[in-house]
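K.L.:
Submitted below is the structure of interest, expressed as structure tokens.
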Amino acid sequence: MTANAQEAPRAKASDATGAADATGAATAAQSCEASDDQIYTPPQNVPGTPGEVISCRQVTLPHVPGNIDMTAWKVQYASKDNAGRPVAVSGTVAVPKAAWKGPGTRPVVAFNPGTLGLGQQCAFSKQLAGEFQDMYEGDNIAASLKAGYAVAATDGAGYLKGRTHPYVAGTDAGHALLDIARAAPNVPGSGLDKKTKVGLWGYSEGGSASLWAAQLAKAYAPELNIVGDASGGVPGDLKVVAKALNGQAFAGFLADAVIGLAAAYPAMPFDGLLNQQGRDAVEKAKSVCLVGTLTGFPFQKLENFTTEGYTLDEIYALKGTDGKTWGEVVDAQKLGVGVGPAGSGAKHEIGFPVLQYRGLADEVIPTETEDATRAAYCQAKIPTTWKLYPGEHLLADNQAVNDVVAWLGDRFAGKTAPDDC
């Protein structure tokens with residue numbers, strides 16, 4: 001079900017008859033029959049049940065290294081945005097063919113990639129499937145699969161035709177990640193149990209998304225059996241990050257953030273603030289992936305893109321049609337606010353441990369906000385493992401892979417997590 005009801009078939013039973021069950025009744029084989037185009041075409045009407053598989057397509061993942069024997073699907077599934085409106089999101093589900101040898105049923109790692117850019121060609125699912133190459137986390141997916149875990153990797157909202165990715169919008173990202181964890185067992189042929197253990201994982205933009213998923217899980221997806229969350233390189237306070245990025249080498253990430261938040265919060269002033277240079281920058285940012293984001297905007301300042309030369313503080317003071325200021329919208333994305341352990345009565349109760357980590361030489365996300373997010377979790381008495389790696393921002397992501405997979409494995413095995421608070 002995509003642009004019209006006939007275009008994208010939902011996952012459905014084929015006409016073939018499968019093996020008989022113990023009672024002698026035949027079971028229907030399942031298949032995913034959507035075209036690639038249908039996966040990335042938004043439906044006219046999104047199903048109201050988050051995690052419902054709208055369409056799916058079996059694929060290979062050449063950009064997951066290691067020649068891992070697996071079955072993989074591109075999926076389009078139902079989620080909700082920050083206002084509770086239904087949205088369709090794309091992603092990837094992959095299941096190793098080797099039998100699961102651990103306790104219980106095969107667990108699922110719900111994965112959110114780091115920044116890939118706003119262009120539709122940048123979608124993580126397209127890159128894993130070999131249609132484009134400008135991503136850096138194939139090793140993360142491979143390590144999870146080699147450990148025997150299934151992977152449910154969201155693209156995040158906004159990679160369907162005509163949409164804009166709501167970059168760094170916390171609720172949108174958290175919902176999309178939780179809903180692909182819901183969707184994975186609904187993929188025909190996945191063999192996954194809806195009650196199986198789930199681990200959340202992400203780095204950088206993905207680290208923000210996975211930590212938001214952790215914060216929203218109890219209220220939004222209480223039926224998921226989440227046992228841990230690993231979040232690295234976390235841009236916990238976007239005001240701190242914006243100040244550090246504006247006019248500096250990685251200013252492209254700030255451009256994406258402004259565009260993404262404007263897409264997520266349409267009541268806020270945006271288009272009317274832009275001069276011609278700003279409009280050109282937005283068009284460019286929406287067309288490129290990671291490398292283009294890095295090379296397209298170095299040392300640019302937001303002031304240069306606005307009609308009045310607005311500073312960050314002046315932008316924060318501007319109000320939207322709903323009466324909220326840009327500053328309030330940005331503050332609403334701050335992580336570690338209103339969190340507490342299960343039973344605490346906090347706004348965001350988290351009933352499982354978290355792992356947070358960063359690079360010692362992180363030059364993209366200010367370490368002060370990464371450290372502050374960890375401190376907020378410790379102050380809230382949420383069991384928090386903390387790890388530091390010698391690399392800068394990008395390298396630290398890869399340096400942490402084996403540790404994260406092992407940490408998640410311990411959670412799947414029911415072991416008590418270390419608390420470094």
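Each chain in the structure tokens gets a letter, A, B and so on, in the order shown; residues start at 1 in every chain, and ligands are counted from 1 in the order they appear.
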At a cut-off of 12 Å, using only C-alpha atoms, what residues contact A:Asn186? Leave out same-chain residues fewer than 2 positions from it and give the result as a PyMOL selection string.

P.N.:
chain A and resi 10-12+30-32+49-56+73+75-78+93+152+179-184+188-195

K.L.:
Tell me which protein, DNA and RNA residues are within 9 Å of stretch 267-271 of chain A, counting only C-alpha atoms, leaving out same-chain ones fewer than 4 positions away, and put them as a ChimeraX atom specification.

P.N.:
/A:258-259,261-262,275,278-279,318-326,329

K.L.:
In Å, rounded to a single decimal, give me how far atom CA of A:Ser90 is from atom CA of A:Thr196.

P.N.:
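About the pair atom CA of A:Thr196 and atom CA of A:Ser90: they are 21.9 Å apart.
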
K.L.:
Quick one: residues within 12 Å of A:Ala281, only C-alpha atoms counted, chain neighbours fewer than 3 positions away excluded, as a compact mmCIF listing (two decimals) with N, CA and C atoms, in the first residue's frame?

P.N.:
# COMPACT_ATOMS: atom_id res chain seq x y z
N ALA A 251 29.93 22.42 10.23
CA ALA A 251 28.70 23.21 10.22
C ALA A 251 27.58 22.55 9.42
N GLY A 252 27.92 21.64 8.52
CA GLY A 252 26.88 20.95 7.75
C GLY A 252 25.92 20.18 8.63
N LEU A 254 24.92 21.14 11.52
CA LEU A 254 23.99 22.14 12.05
C LEU A 254 22.94 22.49 11.00
N ALA A 255 23.36 22.59 9.75
CA ALA A 255 22.40 22.85 8.67
C ALA A 255 21.35 21.75 8.63
N ASP A 256 21.78 20.48 8.71
CA ASP A 256 20.84 19.37 8.71
C ASP A 256 19.91 19.43 9.91
N VAL A 258 18.84 22.09 11.62
CA VAL A 258 17.84 23.14 11.47
C VAL A 258 16.75 22.68 10.50
N ILE A 259 17.17 22.08 9.38
CA ILE A 259 16.21 21.59 8.38
C ILE A 259 15.35 20.47 8.97
N ASP A 271 11.08 28.91 6.48
CA ASP A 271 11.25 29.37 5.10
C ASP A 271 11.33 30.89 5.01
N LEU A 274 14.79 32.73 5.51
CA LEU A 274 15.93 32.44 4.65
C LEU A 274 16.11 33.49 3.56
N ASN A 275 17.36 33.87 3.32
CA ASN A 275 17.69 34.65 2.13
C ASN A 275 17.98 33.66 0.99
N GLN A 276 18.39 34.19 -0.16
CA GLN A 276 18.61 33.30 -1.29
C GLN A 276 19.73 32.30 -1.01
N GLN A 277 20.78 32.76 -0.32
CA GLN A 277 21.86 31.84 0.03
C GLN A 277 21.34 30.72 0.93
N GLY A 278 20.43 31.07 1.83
CA GLY A 278 19.85 30.07 2.71
C GLY A 278 18.98 29.08 1.97
N LYS A 284 20.56 22.26 -1.31
CA LYS A 284 21.77 21.45 -1.40
C LYS A 284 21.81 20.40 -0.30
N ALA A 285 21.53 20.80 0.93
CA ALA A 285 21.59 19.87 2.06
C ALA A 285 20.62 18.72 1.88
N LYS A 286 19.47 18.99 1.28
CA LYS A 286 18.47 17.94 1.08
C LYS A 286 18.84 16.98 -0.04
N SER A 287 19.90 17.27 -0.78
CA SER A 287 20.25 16.44 -1.93
C SER A 287 21.50 15.59 -1.71
N VAL A 288 22.23 15.82 -0.61
CA VAL A 288 23.52 15.16 -0.45
C VAL A 288 23.51 14.21 0.74
N GLY A 292 28.86 14.92 1.24
CA GLY A 292 28.38 16.21 0.76
C GLY A 292 28.01 17.15 1.89
N THR A 293 27.51 16.60 2.99
CA THR A 293 27.19 17.42 4.15
C THR A 293 28.45 18.00 4.76
N GLY A 296 30.12 20.46 1.98
CA GLY A 296 29.30 21.52 1.38
C GLY A 296 29.14 22.77 2.22
N PHE A 297 29.43 22.68 3.54
CA PHE A 297 29.12 23.81 4.41
C PHE A 297 30.20 24.15 5.43
N PRO A 298 31.47 23.84 5.17
CA PRO A 298 32.47 24.10 6.21
C PRO A 298 32.59 25.58 6.53
N GLN A 300 30.57 27.67 7.60
CA GLN A 300 29.42 28.53 7.35
C GLN A 300 28.70 28.84 8.66
N LYS A 301 28.13 30.05 8.73
CA LYS A 301 27.36 30.46 9.90
C LYS A 301 25.89 30.60 9.52
N LEU A 302 25.01 30.22 10.45
CA LEU A 302 23.59 30.35 10.18
C LEU A 302 23.21 31.79 9.86
N ASN A 304 24.53 33.85 8.02
CA ASN A 304 24.69 34.17 6.60
C ASN A 304 23.53 33.68 5.75
N PHE A 305 22.70 32.83 6.30
CA PHE A 305 21.61 32.24 5.53
C PHE A 305 20.26 32.89 5.80
N THR A 306 20.21 33.89 6.69
CA THR A 306 18.93 34.50 7.07
C THR A 306 18.83 35.94 6.57

K.L.:
Taking the DSSP secondary structure from the backbone, can you list the residues of stretch 219-343 of chain A that are strand (DSSP E), as a list in words?

P.N.:
Asn225, Ile226, Val227, Gly228, Asp229, Ala230, Ser231, Gly232, Val339, Gly340 and Pro341 of chain A

K.L.:
As a count of residues only, please: all residues of stretch 22-209 of chain A that backbone DSSP puts in helix (DSSP H, G or I).

P.N.:
43

K.L.:
Could you work out how far atom CA of A:Gln38 lies from atom CA of A:Arg85, giving the answer in Å with one decimal?

P.N.:
21.2 Å

K.L.:
I want to know what sits within 6 Å of stretch 405-416 of chain A, based on only C-alpha atoms, with residues of the same chain fewer than 2 positions away left out; could you give that as JSON, numbers by chain?

P.N.:
{"A": [227, 402, 403]}

K.L.:
Just want the 12 Å neighbourhood of A:Leu394, counted on only C-alpha atoms, with same-chain residues fewer than 2 positions away dropped. Output as a short mmCIF file (atom, residue, chain, number, x, y, z; two decimals) with C-alpha atoms, in the first residue's frame.

P.N.:
data_model
loop_
_atom_site.label_atom_id
_atom_site.label_comp_id
_atom_site.auth_asym_id
_atom_site.auth_seq_id
_atom_site.Cartn_x
_atom_site.Cartn_y
_atom_site.Cartn_z
CA GLY A 114 24.63 7.81 12.61
CA THR A 115 24.33 10.82 10.33
CA MET A 135 27.94 5.04 5.16
CA TYR A 136 30.33 3.66 7.77
CA GLU A 137 28.44 1.25 10.02
CA TYR A 203 25.95 6.25 17.70
CA SER A 204 26.00 10.03 17.10
CA GLU A 205 22.60 10.84 15.56
CA GLY A 232 27.57 6.51 21.87
CA GLY A 233 28.69 9.96 20.75
CA LEU A 290 27.45 12.38 4.54
CA ARG A 358 32.45 8.50 23.44
CA GLY A 359 35.82 9.17 21.89
CA LEU A 360 38.44 10.98 23.93
CA ALA A 361 39.30 13.10 20.89
CA ASP A 362 35.73 13.79 19.74
CA GLU A 363 35.91 16.86 17.54
CA VAL A 364 32.27 16.92 16.39
CA ILE A 365 30.12 16.61 19.52
CA TYR A 389 37.86 5.26 23.43
CA PRO A 390 41.07 6.87 22.12
CA GLY A 391 39.61 7.88 18.75
CA GLU A 392 37.91 10.97 17.43
CA ALA A 396 35.31 5.83 18.24
CA ASP A 397 32.14 4.40 16.70
CA ASN A 398 34.11 1.53 15.17
CA GLN A 399 36.37 1.08 18.19
CA ALA A 400 33.33 0.38 20.37
#

K.L.:
From the set A:Leu211, A:Ala94, A:Met70, A:Ala249, which residue has the shortest atom-to-atom contact distance to A:Val187, counting only C-alpha atoms?

P.N.:
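The closest residue to A:Val187 is A:Ala94.
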
K.L.:
Find, counting only C-alpha atoms, the residue in A:Lys126, A:Lys218, A:His165, A:Lys197 that gets nearest to A:Pro341.

P.N.:
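Distance minimum relative to A:Pro341 lands on A:Lys218.
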
K.L.:
Which neighbours of A:Cys421 fall inside 10 Å, counting only C-alpha atoms, when residues of the same chain fewer than 2 positions from it are skipped, and could you give them as a list in words?

P.N.:
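My reading of the contact set: Arg374, Ala375, Tyr377, Cys378, Gln379, Lys381, Ile382, Pro383, Thr384, Thr385, Trp386, Pro418 and Asp419 of chain A.
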
K.L.:
List the neighbours of stretch 95-99 of chain A out to 7 Å using only C-alpha atoms; skip same-chain residues closer than 5 positions along the sequence, and give me the result as a PyMOL selection string.

P.N.:
chain A and resi 69-72+145+148+150-151+190

K.L.:
Between A:Gln215, A:Thr154, A:Glu308, A:Leu245, which has the minimum distance to A:Ala346 (counting only C-alpha atoms)?

P.N.:
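So, comparing all the options, the nearest one is A:Gln215.
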
K.L.:
With distances taken over only C-alpha atoms, which of A:Lys101, A:Val168, A:Lys80, A:Gly207 is nearest to A:Asp331?

P.N.:
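Closest residue, counting only C-alpha atoms: A:Val168.
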